[in-house]
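Structure data (mmCIF, C-alpha atoms and all ligand atoms) from query29.cif:
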```cif
data_target
#
loop_
_atom_site.label_atom_id
_atom_site.label_comp_id
_atom_site.auth_asym_id
_atom_site.auth_seq_id
_atom_site.Cartn_x
_atom_site.Cartn_y
_atom_site.Cartn_z
CA MET A 203 -35.51 191.97 -90.11
CA ARG A 204 -33.98 189.01 -91.93
CA GLU A 205 -31.00 189.60 -94.17
CA ILE A 206 -31.78 189.30 -97.87
CA ARG A 207 -28.92 188.16 -100.04
CA LYS A 208 -30.13 185.81 -102.72
CA VAL A 209 -32.73 186.98 -105.25
CA MET A 210 -34.27 184.84 -107.99
CA VAL A 211 -35.71 186.73 -110.95
CA THR A 212 -38.03 184.87 -113.30
CA GLY A 213 -38.42 186.30 -116.79
CA ALA A 214 -34.79 187.39 -116.50
CA ASP A 215 -34.38 187.52 -120.28
CA GLY A 216 -37.32 189.89 -120.76
CA TYR A 217 -37.81 193.61 -121.32
CA ILE A 218 -38.03 194.34 -117.57
CA GLY A 219 -36.01 191.33 -116.38
CA VAL A 220 -32.72 192.21 -118.05
CA PRO A 221 -32.37 195.76 -116.67
CA LEU A 222 -33.68 194.57 -113.29
CA MET A 223 -30.91 191.97 -113.15
CA TRP A 224 -28.35 194.69 -113.88
CA GLU A 225 -29.79 196.93 -111.20
CA LEU A 226 -29.85 194.18 -108.56
CA LYS A 227 -26.34 193.15 -109.47
CA SER A 228 -25.13 196.71 -108.89
CA LEU A 229 -26.77 196.57 -105.44
CA GLY A 230 -24.71 193.52 -104.56
CA TYR A 231 -27.37 190.79 -104.44
CA GLU A 232 -26.52 187.21 -105.30
CA LEU A 233 -28.67 186.62 -108.37
CA VAL A 234 -30.30 183.70 -110.12
CA GLY A 235 -32.14 184.51 -113.36
CA VAL A 236 -34.57 182.03 -114.91
CA ASP A 237 -36.18 182.17 -118.34
CA ASN A 238 -37.11 179.80 -121.16
CA ARG A 239 -36.60 182.52 -123.83
CA LEU A 240 -40.24 182.20 -124.86
CA ARG A 241 -40.52 185.93 -125.57
CA ASP A 242 -37.64 185.86 -128.00
CA LYS A 243 -39.08 182.83 -129.81
CA LEU A 244 -42.59 184.29 -130.03
CA VAL A 245 -41.40 187.67 -131.29
CA LYS A 246 -39.26 186.03 -133.95
CA ARG A 247 -42.11 183.76 -135.02
CA ILE A 248 -44.93 186.24 -135.06
CA ALA A 249 -43.46 189.67 -135.68
CA VAL A 250 -41.63 189.24 -138.92
CA ASP A 251 -40.51 192.85 -139.17
CA GLU A 252 -39.08 195.35 -136.72
CA VAL A 253 -37.42 192.94 -134.32
CA PHE A 254 -35.11 195.25 -132.47
CA SER A 255 -33.69 193.35 -129.62
CA ILE A 256 -30.60 194.19 -127.63
CA VAL A 257 -29.61 191.93 -124.83
CA ALA A 258 -26.14 192.19 -123.41
CA PRO A 259 -24.57 189.43 -121.35
CA TYR A 260 -24.51 189.68 -117.58
CA GLY A 261 -22.27 187.81 -115.24
CA VAL A 262 -24.79 186.11 -112.97
CA THR A 263 -26.32 182.65 -112.72
CA PHE A 264 -28.79 182.14 -115.54
CA ILE A 265 -30.92 179.01 -115.80
CA GLU A 266 -32.78 178.25 -118.99
CA GLY A 267 -35.95 176.27 -118.31
CA ASP A 268 -39.73 176.18 -118.29
CA LEU A 269 -41.35 177.40 -115.09
CA ALA A 270 -44.64 175.82 -116.17
CA ASP A 271 -42.89 172.50 -115.41
CA LYS A 272 -43.43 171.69 -111.71
CA ASP A 273 -40.39 169.43 -111.36
CA PHE A 274 -38.10 172.07 -112.85
CA VAL A 275 -39.42 174.69 -110.40
CA HIS A 276 -38.96 172.36 -107.41
CA GLU A 277 -35.45 171.53 -108.51
CA ILE A 278 -34.24 175.12 -108.93
CA LEU A 279 -35.86 176.30 -105.70
CA ALA A 280 -34.47 173.32 -103.75
CA ILE A 281 -30.98 174.06 -105.06
CA HIS A 282 -30.95 177.86 -104.79
CA ARG A 283 -33.34 178.54 -101.85
CA PRO A 284 -33.72 182.27 -102.66
CA ASP A 285 -34.59 184.80 -99.95
CA VAL A 286 -36.73 186.65 -102.50
CA ILE A 287 -38.39 185.62 -105.75
CA ILE A 288 -39.30 188.38 -108.19
CA HIS A 289 -41.71 186.74 -110.59
CA LEU A 290 -41.75 188.58 -113.92
CA ALA A 291 -42.15 185.63 -116.28
CA SER A 292 -45.34 185.54 -118.30
CA GLN A 293 -46.75 185.51 -121.79
CA PRO A 294 -47.53 189.25 -121.49
CA SER A 295 -49.05 190.14 -124.85
CA MET A 296 -52.75 190.91 -124.85
CA PRO A 297 -53.09 190.81 -128.67
CA TYR A 298 -51.18 187.50 -128.80
CA SER A 299 -53.62 185.97 -126.32
CA GLN A 300 -56.52 187.13 -128.49
CA ILE A 301 -55.35 185.52 -131.78
CA ASN A 302 -57.22 182.25 -131.31
CA GLY A 303 -58.33 179.74 -128.71
CA GLU A 304 -55.02 177.91 -128.77
CA ARG A 305 -53.07 181.06 -127.86
CA ALA A 306 -55.65 182.09 -125.25
CA LEU A 307 -55.32 178.68 -123.60
CA PHE A 308 -51.53 178.69 -123.85
CA THR A 309 -51.36 182.14 -122.22
CA GLN A 310 -53.51 181.12 -119.29
CA VAL A 311 -51.98 177.68 -118.76
CA ASN A 312 -48.45 179.09 -119.02
CA ASN A 313 -49.04 182.05 -116.71
CA LEU A 314 -51.12 180.29 -114.08
CA SER A 315 -48.87 177.19 -114.01
CA MET A 316 -45.74 179.24 -113.32
CA ASN A 317 -47.30 181.18 -110.46
CA ILE A 318 -48.92 178.12 -108.84
CA ASN A 319 -45.72 176.07 -109.24
CA LEU A 320 -43.65 178.79 -107.55
CA LEU A 321 -46.12 179.37 -104.68
CA TRP A 322 -46.54 175.66 -103.92
CA ALA A 323 -42.84 174.85 -104.30
CA MET A 324 -42.02 177.51 -101.68
CA LYS A 325 -44.57 175.92 -99.32
CA GLU A 326 -43.59 172.32 -100.01
CA LEU A 327 -39.88 173.03 -99.62
CA GLY A 328 -40.47 175.03 -96.44
CA LEU A 329 -38.87 178.16 -97.86
CA ASN A 330 -39.52 181.46 -96.17
CA SER A 331 -39.02 183.48 -99.37
CA LYS A 332 -40.64 186.83 -99.98
CA TYR A 333 -42.65 186.70 -103.23
CA ILE A 334 -42.77 189.80 -105.43
CA ILE A 335 -44.91 189.57 -108.54
CA THR A 336 -45.80 191.97 -111.33
CA THR A 337 -49.37 191.65 -112.59
CA THR A 338 -51.27 194.33 -114.51
CA THR A 339 -53.37 197.45 -114.04
CA GLY A 340 -55.76 195.78 -116.53
CA ILE A 341 -57.12 193.32 -113.92
CA PRO A 342 -60.03 195.50 -112.67
CA GLY A 343 -61.17 196.28 -116.23
CA GLN A 344 -63.26 199.36 -116.93
CA PHE A 345 -65.51 199.02 -113.90
CA TYR A 346 -64.03 201.05 -111.05
CA ASP A 347 -64.17 204.79 -110.32
CA VAL A 348 -60.77 204.82 -108.66
CA ILE A 349 -58.82 201.60 -108.55
CA PRO A 350 -57.54 201.15 -104.97
CA GLU A 351 -54.24 199.63 -103.86
CA THR A 352 -55.99 196.50 -102.62
CA THR A 353 -57.27 193.38 -104.31
CA THR A 354 -60.02 194.00 -106.83
CA GLU A 355 -62.34 191.77 -108.78
CA ASN A 356 -60.95 190.17 -111.92
CA LYS A 357 -62.92 192.03 -114.60
CA ALA A 358 -60.16 191.98 -117.18
CA GLY A 359 -60.97 192.53 -120.83
CA SER A 360 -58.56 190.05 -122.45
CA TRP A 361 -57.42 186.46 -122.00
CA TYR A 362 -53.94 187.68 -121.01
CA HIS A 363 -55.19 190.26 -118.49
CA ALA A 364 -57.60 187.71 -117.01
CA SER A 365 -54.68 185.29 -116.50
CA ARG A 366 -52.97 187.89 -114.31
CA GLY A 367 -56.19 188.41 -112.36
CA PHE A 368 -56.19 184.67 -111.60
CA ASP A 369 -52.51 184.96 -110.60
CA SER A 370 -53.46 187.70 -108.16
CA VAL A 371 -56.25 185.58 -106.65
CA ASN A 372 -53.86 182.64 -106.32
CA CYS A 373 -51.30 184.82 -104.51
CA GLU A 374 -54.03 185.92 -102.13
CA LEU A 375 -54.96 182.27 -101.51
CA ALA A 376 -51.36 181.36 -100.69
CA ASN A 377 -51.24 184.32 -98.33
CA LYS A 378 -54.53 183.34 -96.63
CA GLN A 379 -53.84 179.61 -96.47
CA TRP A 380 -50.22 179.47 -95.35
CA GLY A 381 -49.18 183.06 -94.75
CA GLN A 382 -47.07 183.47 -97.88
CA GLU A 383 -45.62 187.00 -97.90
CA VAL A 384 -46.53 188.65 -101.23
CA ILE A 385 -46.00 192.06 -102.81
CA GLU A 386 -48.09 192.41 -105.94
CA PHE A 387 -47.11 195.24 -108.22
CA ARG A 388 -49.99 195.94 -110.57
CA THR A 389 -47.87 197.17 -113.45
CA ALA A 390 -49.03 199.87 -115.86
CA ILE A 391 -47.96 200.16 -119.53
CA VAL A 392 -44.18 200.34 -119.50
CA TYR A 393 -42.12 202.47 -121.88
CA GLY A 394 -38.46 203.30 -122.23
CA VAL A 395 -34.99 202.06 -122.96
CA GLN A 396 -32.62 201.54 -120.12
CA ASN A 397 -28.88 201.77 -120.33
CA ALA A 398 -26.83 199.86 -117.84
CA VAL A 399 -24.79 202.92 -117.04
CA LEU A 400 -23.14 201.35 -114.06
CA GLU A 401 -21.12 198.64 -115.74
CA THR A 402 -21.42 199.26 -119.43
CA GLN A 403 -22.63 202.00 -121.69
CA ARG A 404 -24.39 199.46 -123.88
CA ARG A 405 -28.13 199.49 -124.13
CA ILE A 406 -29.14 196.26 -122.52
CA THR A 407 -32.78 195.48 -122.92
CA ARG A 408 -34.91 194.39 -125.83
CA PHE A 409 -37.13 196.96 -127.52
CA ASP A 410 -39.98 195.45 -129.49
CA THR A 411 -42.10 197.65 -131.71
CA ASP A 412 -44.42 195.19 -133.44
CA PHE A 413 -48.21 195.04 -133.03
CA TYR A 414 -48.13 192.07 -130.66
CA PHE A 415 -45.26 192.77 -128.30
CA GLY A 416 -44.41 196.48 -128.66
CA THR A 417 -46.06 198.70 -126.04
CA VAL A 418 -47.69 201.82 -127.42
CA LEU A 419 -45.13 204.56 -126.71
CA ASN A 420 -42.17 202.42 -127.79
CA ARG A 421 -44.09 201.63 -131.00
CA PHE A 422 -44.88 205.29 -131.67
CA ILE A 423 -41.28 206.41 -131.28
CA ASN A 424 -40.11 203.70 -133.63
CA GLN A 425 -42.79 204.60 -136.19
CA ALA A 426 -41.79 208.27 -136.00
CA LEU A 427 -38.09 207.53 -136.42
CA GLU A 428 -38.88 205.42 -139.48
CA GLY A 429 -40.75 208.35 -141.02
CA LYS A 430 -44.16 206.67 -140.65
CA SER A 431 -47.38 208.20 -139.32
CA LEU A 432 -48.32 207.33 -135.75
CA SER A 433 -51.27 204.94 -135.77
CA VAL A 434 -53.67 205.95 -132.99
CA TYR A 435 -56.40 203.36 -132.36
CA GLY A 436 -59.83 205.00 -132.60
CA GLN A 437 -60.02 208.56 -131.31
CA GLY A 438 -57.26 207.88 -128.79
CA LEU A 439 -59.04 209.77 -126.02
CA GLN A 440 -59.10 207.03 -123.39
CA LYS A 441 -56.58 207.68 -120.61
CA LYS A 442 -54.32 204.83 -119.57
CA PRO A 443 -51.72 204.39 -116.82
CA PHE A 444 -48.02 204.51 -117.73
CA ILE A 445 -44.66 204.06 -116.08
CA ALA A 446 -41.06 204.38 -117.26
CA LEU A 447 -38.96 201.22 -117.36
CA ARG A 448 -36.38 202.74 -115.02
CA ASP A 449 -39.12 203.40 -112.42
CA VAL A 450 -40.32 199.80 -112.70
CA THR A 451 -36.88 198.34 -111.99
CA CYS A 452 -36.14 200.90 -109.27
CA SER A 453 -39.38 200.26 -107.36
CA LEU A 454 -38.97 196.48 -107.60
CA ALA A 455 -35.43 196.78 -106.25
CA ASN A 456 -36.56 199.13 -103.43
CA SER A 457 -39.34 196.75 -102.34
CA ILE A 458 -36.94 193.89 -101.58
CA ASN A 459 -35.99 195.27 -98.19
CA MET A 460 -39.18 197.12 -97.31
CA GLN A 461 -41.54 196.09 -94.53
CA PHE A 462 -45.23 196.56 -95.24
CA ASP A 463 -48.12 196.60 -92.75
CA ARG A 464 -49.82 193.66 -94.40
CA SER A 465 -48.29 190.36 -95.52
CA PHE A 466 -50.16 190.68 -98.84
CA THR A 467 -49.49 194.11 -100.28
CA VAL A 468 -50.94 195.40 -103.56
CA LEU A 469 -49.35 198.43 -105.19
CA ASN A 470 -50.50 200.22 -108.32
CA GLN A 471 -47.19 200.49 -110.16
CA MET A 472 -48.09 203.54 -112.24
CA THR A 473 -46.94 207.14 -112.32
CA GLU A 474 -48.86 209.05 -115.01
CA MET A 475 -52.21 208.90 -116.76
CA LYS A 476 -52.12 209.87 -120.44
CA SER A 477 -54.44 209.54 -123.37
CA ILE A 478 -53.09 207.84 -126.48
CA MET A 479 -53.49 211.18 -128.32
CA GLU A 480 -51.36 212.90 -125.66
CA LEU A 481 -48.66 210.26 -126.20
CA ALA A 482 -48.76 210.79 -129.94
CA GLU A 483 -48.43 214.55 -129.42
CA ILE A 484 -45.42 214.16 -127.08
CA VAL A 485 -43.70 212.04 -129.74
CA GLN A 486 -44.73 214.46 -132.48
CA LYS A 487 -43.14 217.32 -130.51
CA SER A 488 -39.90 215.38 -130.14
CA VAL A 489 -39.58 213.85 -133.62
CA GLY A 490 -42.02 215.64 -135.93
CA CYS A 491 -44.43 213.21 -137.60
CA ARG A 492 -48.01 212.78 -138.76
CA ILE A 493 -50.74 211.20 -136.63
CA GLU A 494 -53.41 208.99 -138.22
CA HIS A 495 -56.41 207.31 -136.65
CA VAL A 496 -57.02 203.63 -137.37
CA PRO A 497 -59.98 201.46 -136.23
CA ASN A 498 -59.48 200.32 -132.65
CA PRO A 499 -58.78 196.54 -132.58
CA ARG A 500 -59.31 196.46 -128.81
CA VAL A 501 -62.59 195.83 -127.04
CA GLU A 502 -62.77 198.89 -124.78
CA LYS A 503 -64.87 201.96 -124.08
CA GLU A 504 -63.03 204.83 -125.71
CA ASP A 505 -64.33 207.53 -123.41
CA PHE A 506 -63.38 205.66 -120.22
CA ASP A 507 -60.59 207.21 -118.12
CA MET A 508 -59.02 204.71 -115.75
CA MET A 509 -58.06 206.21 -112.38
CA PHE A 510 -55.71 204.74 -109.81
CA GLU A 511 -54.60 205.33 -106.26
CA ASN A 512 -50.79 205.15 -106.20
CA GLY A 513 -49.79 206.80 -102.89
CA GLN A 514 -48.41 203.57 -101.41
CA PHE A 515 -46.56 202.80 -104.61
CA LEU A 516 -44.93 206.24 -104.73
CA LYS A 517 -43.62 205.68 -101.19
CA VAL A 518 -41.77 202.66 -102.57
CA LEU A 519 -40.52 204.38 -105.72
CA GLY A 520 -39.69 207.90 -104.53
CA GLU A 521 -39.34 210.52 -107.25
CA TYR A 522 -40.73 209.43 -110.60
CA THR A 523 -39.69 209.92 -114.22
CA THR A 524 -42.01 212.00 -116.37
CA MET A 525 -42.86 211.02 -119.91
CA ASP A 526 -42.04 214.53 -121.12
CA SER A 527 -38.48 214.16 -119.83
CA GLU A 528 -38.01 210.52 -120.91
CA VAL A 529 -39.23 210.67 -124.52
CA PRO A 530 -36.41 212.92 -125.83
CA LYS A 531 -33.89 210.56 -124.16
CA MET A 532 -35.54 207.57 -125.83
CA VAL A 533 -35.52 209.30 -129.19
CA LYS A 534 -31.82 210.13 -128.86
CA ALA A 535 -30.91 206.60 -127.74
CA LEU A 536 -32.87 204.94 -130.53
CA ARG A 537 -31.54 207.32 -133.19
CA GLU A 538 -28.01 206.39 -132.12
CA GLU A 539 -28.86 202.71 -132.03
CA LYS A 540 -30.42 202.75 -135.50
CA SER A 541 -27.57 204.69 -137.05
CA GLY A 542 -24.97 202.60 -135.21
CA THR A 543 -23.38 205.71 -133.71
CA MET A 544 -23.82 204.91 -130.05
CA GLU A 545 -20.57 205.37 -128.19
CA LEU A 546 -19.60 202.31 -126.21
N1 LIG B 1 -43.98 195.63 -120.27
C1 LIG B 1 -45.18 196.09 -119.90
O1 LIG B 1 -45.70 197.08 -120.42
C2 LIG B 1 -45.93 195.38 -118.78
C3 LIG B 1 -47.14 195.95 -118.35
C4 LIG B 1 -47.87 195.32 -117.35
C5 LIG B 1 -47.38 194.15 -116.77
N2 LIG B 1 -46.21 193.63 -117.20
C6 LIG B 1 -45.75 192.38 -116.55
O2 LIG B 1 -44.39 192.47 -116.19
C7 LIG B 1 -43.74 191.21 -116.39
C8 LIG B 1 -42.53 191.37 -117.27
O3 LIG B 1 -42.95 191.95 -118.51
P1 LIG B 1 -41.96 192.16 -119.72
O4 LIG B 1 -42.46 193.32 -120.49
O5 LIG B 1 -40.54 192.15 -119.26
O6 LIG B 1 -42.27 190.86 -120.56
P2 LIG B 1 -41.25 189.92 -121.35
O7 LIG B 1 -42.06 189.04 -122.23
O8 LIG B 1 -40.19 190.72 -122.00
O9 LIG B 1 -40.61 189.07 -120.17
C9 LIG B 1 -41.23 187.93 -119.64
C10 LIG B 1 -40.23 186.78 -119.73
O10 LIG B 1 -40.86 185.61 -119.22
C11 LIG B 1 -40.34 184.50 -119.93
N3 LIG B 1 -41.25 183.37 -119.80
C12 LIG B 1 -42.53 183.28 -120.26
N4 LIG B 1 -43.02 182.06 -120.00
C13 LIG B 1 -42.03 181.36 -119.36
C14 LIG B 1 -41.95 180.04 -118.84
N5 LIG B 1 -42.95 179.17 -118.96
N6 LIG B 1 -40.79 179.67 -118.22
C15 LIG B 1 -39.76 180.54 -118.11
N7 LIG B 1 -39.79 181.81 -118.61
C16 LIG B 1 -40.92 182.21 -119.22
C17 LIG B 1 -40.22 185.02 -121.37
O11 LIG B 1 -39.31 184.29 -122.14
C18 LIG B 1 -39.79 186.47 -121.16
O12 LIG B 1 -38.39 186.64 -121.30
C19 LIG B 1 -44.80 190.28 -116.97
O13 LIG B 1 -45.35 189.51 -115.94
C20 LIG B 1 -45.84 191.21 -117.53
O14 LIG B 1 -47.11 190.61 -117.51
C21 LIG B 1 -45.47 194.21 -118.18
#
```

Would it be possible to restate this file's structure as structure tokens?
Ligand SMILES: NC(=O)c1ccc[n+]([C@@H]2O[C@H](COP(=O)([O-])OP(=O)(O)OC[C@H]3O[C@@H](n4cnc5c(N)ncnc54)[C@H](O)[C@@H]3O)[C@@H](O)[C@H]2O)c1
Amino acid sequence: MREIRKVMVTGADGYIGVPLMWELKSLGYELVGVDNRLRDKLVKRIAVDEVFSIVAPYGVTFIEGDLADKDFVHEILAIHRPDVIIHLASQPSMPYSQINGERALFTQVNNLSMNINLLWAMKELGLNSKYIITTTTGIPGQFYDVIPETTTENKAGSWYHASRGFDSVNCELANKQWGQEVIEFRTAIVYGVQNAVLETQRRITRFDTDFYFGTVLNRFINQALEGKSLSVYGQGLQKKPFIALRDVTCSLANSINMQFDRSFTVLNQMTEMKSIMELAEIVQKSVGCRIEHVPNPRVEKEDFDMMFENGQFLKVLGEYTTMDSEVPKMVKALREEKSGTMEL
């Protein structure tokens, strides 16, 4: 097995990217992070309130640039020649992609361009890099009984989710056409705060709680801590897949040196299925707050329970974090952060 030393992480300034960089650094990899800080700009532009972003510095190579620009991608890959690329960069907000045609187009052009630029640059430069990408459990839409850990049709229900379905198809093409090694993590809804306990006690990743960029559990906890009612869309009965941030970074890190049977591996990166009402009740138990139902802005069947195979994924992750155990930790961390009492 070839030795893996140099890892490039795209989206290195993002919610998952920052703690992943810390984790990989602690494992001794030589790291190159790339990001154009789009997320930060979009959150500041669109989510006027509740920007709650904490990003600590990290002592690794960081390149600011746009991965949708082919020449930029060629240049950084030619210079750094990474053994592994972990591609996290995307415009990842479903509601943002649904605002209007301009945002829908931007989301798809941005996301597809980055993936295609990276795949083709690896081929054109003759790199033998392993390509690890996070897409989304939303790709198959509400059409499957049990979503397998293999490629599925792109039946996504939003312009963002569809863009990741196209990314998945394009990875499969690169694998079929020139044997590109790919691990696709189909990522579930991520929640959590992650402290970089190894080098600093500071909380290191951003934590957005607005309508566009905050994921549901993070938003609920913030609402509860601010004394607001939890806004459950519709009846909140539909079950969705979830995973803790620490399990996302851990499984990505573990996959770097794993050998899989196939050169294109798809893993359902999820650990628990919960309904939105169950989430609200877990938060209510931990913080004490009211729950209110608001009209569902999403186009989805409310009585549809998604189901996933995740046996292969759990072999990569190992033991997983439960939401019941993580929520009280999140509440404590955010209370400290908000009151400025966190011990450094
Ligand atoms: N957080 C979740 O709940 C979740 C769920 C499913 C899938 N995912 C996927 O995981 C990945 C990481 O998600 P995240 O929550 O950390 O998102 P994020 O928005 O915090 O991170 C993505 C990063 O990509 C960067 N980026 C976007 N376009 C770029 C470009 N053209 N050039 C360079 N950088 C660019 C952004 O600035 C951002 O920092 C994404 O691909 C997302 O689709 C996340």

Just want the 6 Å neighbourhood of A:Phe264, counted on only C-alpha atoms, with same-chain residues fewer than 4 positions away dropped. Output as a list in words. Val234, Gly235 and Val236 of chain A

Based on the selection just made, write C-alpha atoms of those residues as a PDB file, in the coordinates of the input.
```pdb
ATOM      1  CA  VAL A 234     -30.300 183.700-110.120  1.00  0.00           C
ATOM      2  CA  GLY A 235     -32.140 184.510-113.360  1.00  0.00           C
ATOM      3  CA  VAL A 236     -34.570 182.030-114.910  1.00  0.00           C
TER       4      VAL A 236
END
```

What are the centre and the three edge lengths of an axis-aligned box that wraps all atoms of ligand LIG 1 (chain B) in the file, given that 4 Å is added to every side, written as lines of an AutoDock Vina configuration file and rounded to one decimal in Å?
```
center_x = -43.1
center_y = 188.1
center_z = -119.1
size_x = 17.5
size_y = 25.9
size_z = 14.3
```

Kindly provide, as a ChimeraX atom specification, all nucleotide and amino acid residues lying within 6 Å of ligand LIG 1 (chain B), counting all atoms listed in the file. /A:213,215-219,237-241,267-270,290-294,312,336-338,389-392,417

Spatial neighbours of A:Lys272, 12 Å, only C-alpha atoms, chain gap at least 3 places, as a short mmCIF file (atom, residue, chain, number, x, y, z; two decimals) with C-alpha atoms, in the coordinates of the input:
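The resulting file, result_15.cif, is reproduced below:
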```cif
data_model
loop_
_atom_site.label_atom_id
_atom_site.label_comp_id
_atom_site.auth_asym_id
_atom_site.auth_seq_id
_atom_site.Cartn_x
_atom_site.Cartn_y
_atom_site.Cartn_z
CA GLY A 267 -35.95 176.27 -118.31
CA ASP A 268 -39.73 176.18 -118.29
CA LEU A 269 -41.35 177.40 -115.09
CA VAL A 275 -39.42 174.69 -110.40
CA HIS A 276 -38.96 172.36 -107.41
CA GLU A 277 -35.45 171.53 -108.51
CA ILE A 278 -34.24 175.12 -108.93
CA LEU A 279 -35.86 176.30 -105.70
CA ASN A 312 -48.45 179.09 -119.02
CA LEU A 314 -51.12 180.29 -114.08
CA SER A 315 -48.87 177.19 -114.01
CA MET A 316 -45.74 179.24 -113.32
CA ASN A 317 -47.30 181.18 -110.46
CA ILE A 318 -48.92 178.12 -108.84
CA ASN A 319 -45.72 176.07 -109.24
CA LEU A 320 -43.65 178.79 -107.55
CA LEU A 321 -46.12 179.37 -104.68
CA TRP A 322 -46.54 175.66 -103.92
CA ALA A 323 -42.84 174.85 -104.30
CA MET A 324 -42.02 177.51 -101.68
CA GLU A 326 -43.59 172.32 -100.01
#
```

Could you list as an MDAnalysis selection string every residue that has an atom within 10 Å of (-46.7, 185.5, -96.3), using the file's coordinates and counting all atoms listed in the file? chainID A and resid 330:333 373:374 376:385 464:467

Would you work out the distance separating atom CA of A:Asn459 from atom CA of A:Ile288, expressed in Å to one decimal?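 Here the two named atoms are 12.6 Å from each other.
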
Excluding stretch 429-436 of chain A and its own-chain neighbours fewer than 5 positions away, which residues fall within 8 Å of it when counting all atoms listed in the file? Please give them as a short mmCIF file (atom, residue, chain, number, x, y, z; two decimals) with C-alpha atoms, keeping the file's coordinate frame.
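Contents of selection.cif, as written:
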```cif
data_model
loop_
_atom_site.label_atom_id
_atom_site.label_comp_id
_atom_site.auth_asym_id
_atom_site.auth_seq_id
_atom_site.Cartn_x
_atom_site.Cartn_y
_atom_site.Cartn_z
CA PHE A 422 -44.88 205.29 -131.67
CA ILE A 478 -53.09 207.84 -126.48
CA MET A 479 -53.49 211.18 -128.32
CA ALA A 482 -48.76 210.79 -129.94
CA CYS A 491 -44.43 213.21 -137.60
CA ARG A 492 -48.01 212.78 -138.76
CA ILE A 493 -50.74 211.20 -136.63
CA GLU A 494 -53.41 208.99 -138.22
CA HIS A 495 -56.41 207.31 -136.65
CA VAL A 496 -57.02 203.63 -137.37
CA PRO A 497 -59.98 201.46 -136.23
CA ASN A 498 -59.48 200.32 -132.65
CA PRO A 499 -58.78 196.54 -132.58
CA GLU A 504 -63.03 204.83 -125.71
#
```

Could you tell me how far atom CA of A:Asn372 sits from atom CA of A:Asn456, in Å to one decimal place?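 Here the two named atoms are 24.1 Å from each other.
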
Find the residue from A:Cys452, A:Ile281, A:Ala446, A:Met508 that sits nearest to A:Met223; use all atoms listed in the file when measuring.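 Result for the nearest residue to A:Met223: A:Cys452.
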
Please report the interatomic distance between atom CA of A:Val529 and atom CA of A:Arg408 in Å with one decimal.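 Calculated distance between atom CA of A:Val529 and atom CA of A:Arg408 is 16.9 Å.
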
Between A:Asp242, A:Glu428, A:Asp285, A:Glu386, which has the minimum distance to A:Glu205 (counting only C-alpha atoms)? A:Asp285

Which residues are close to A:Pro443, i.e. within 8 Å by all atoms listed in the file, leaving aside same-chain residues fewer than 4 positions away? Reply as an NGL selection string. :A and (339 or 390-391 or 472-476 or 508-509)

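Distance check against A:Tyr522 using only C-alpha atoms: of A:Glu538, A:Leu447, A:Ile265, A:Val485, the minimum falls on A:Leu447.
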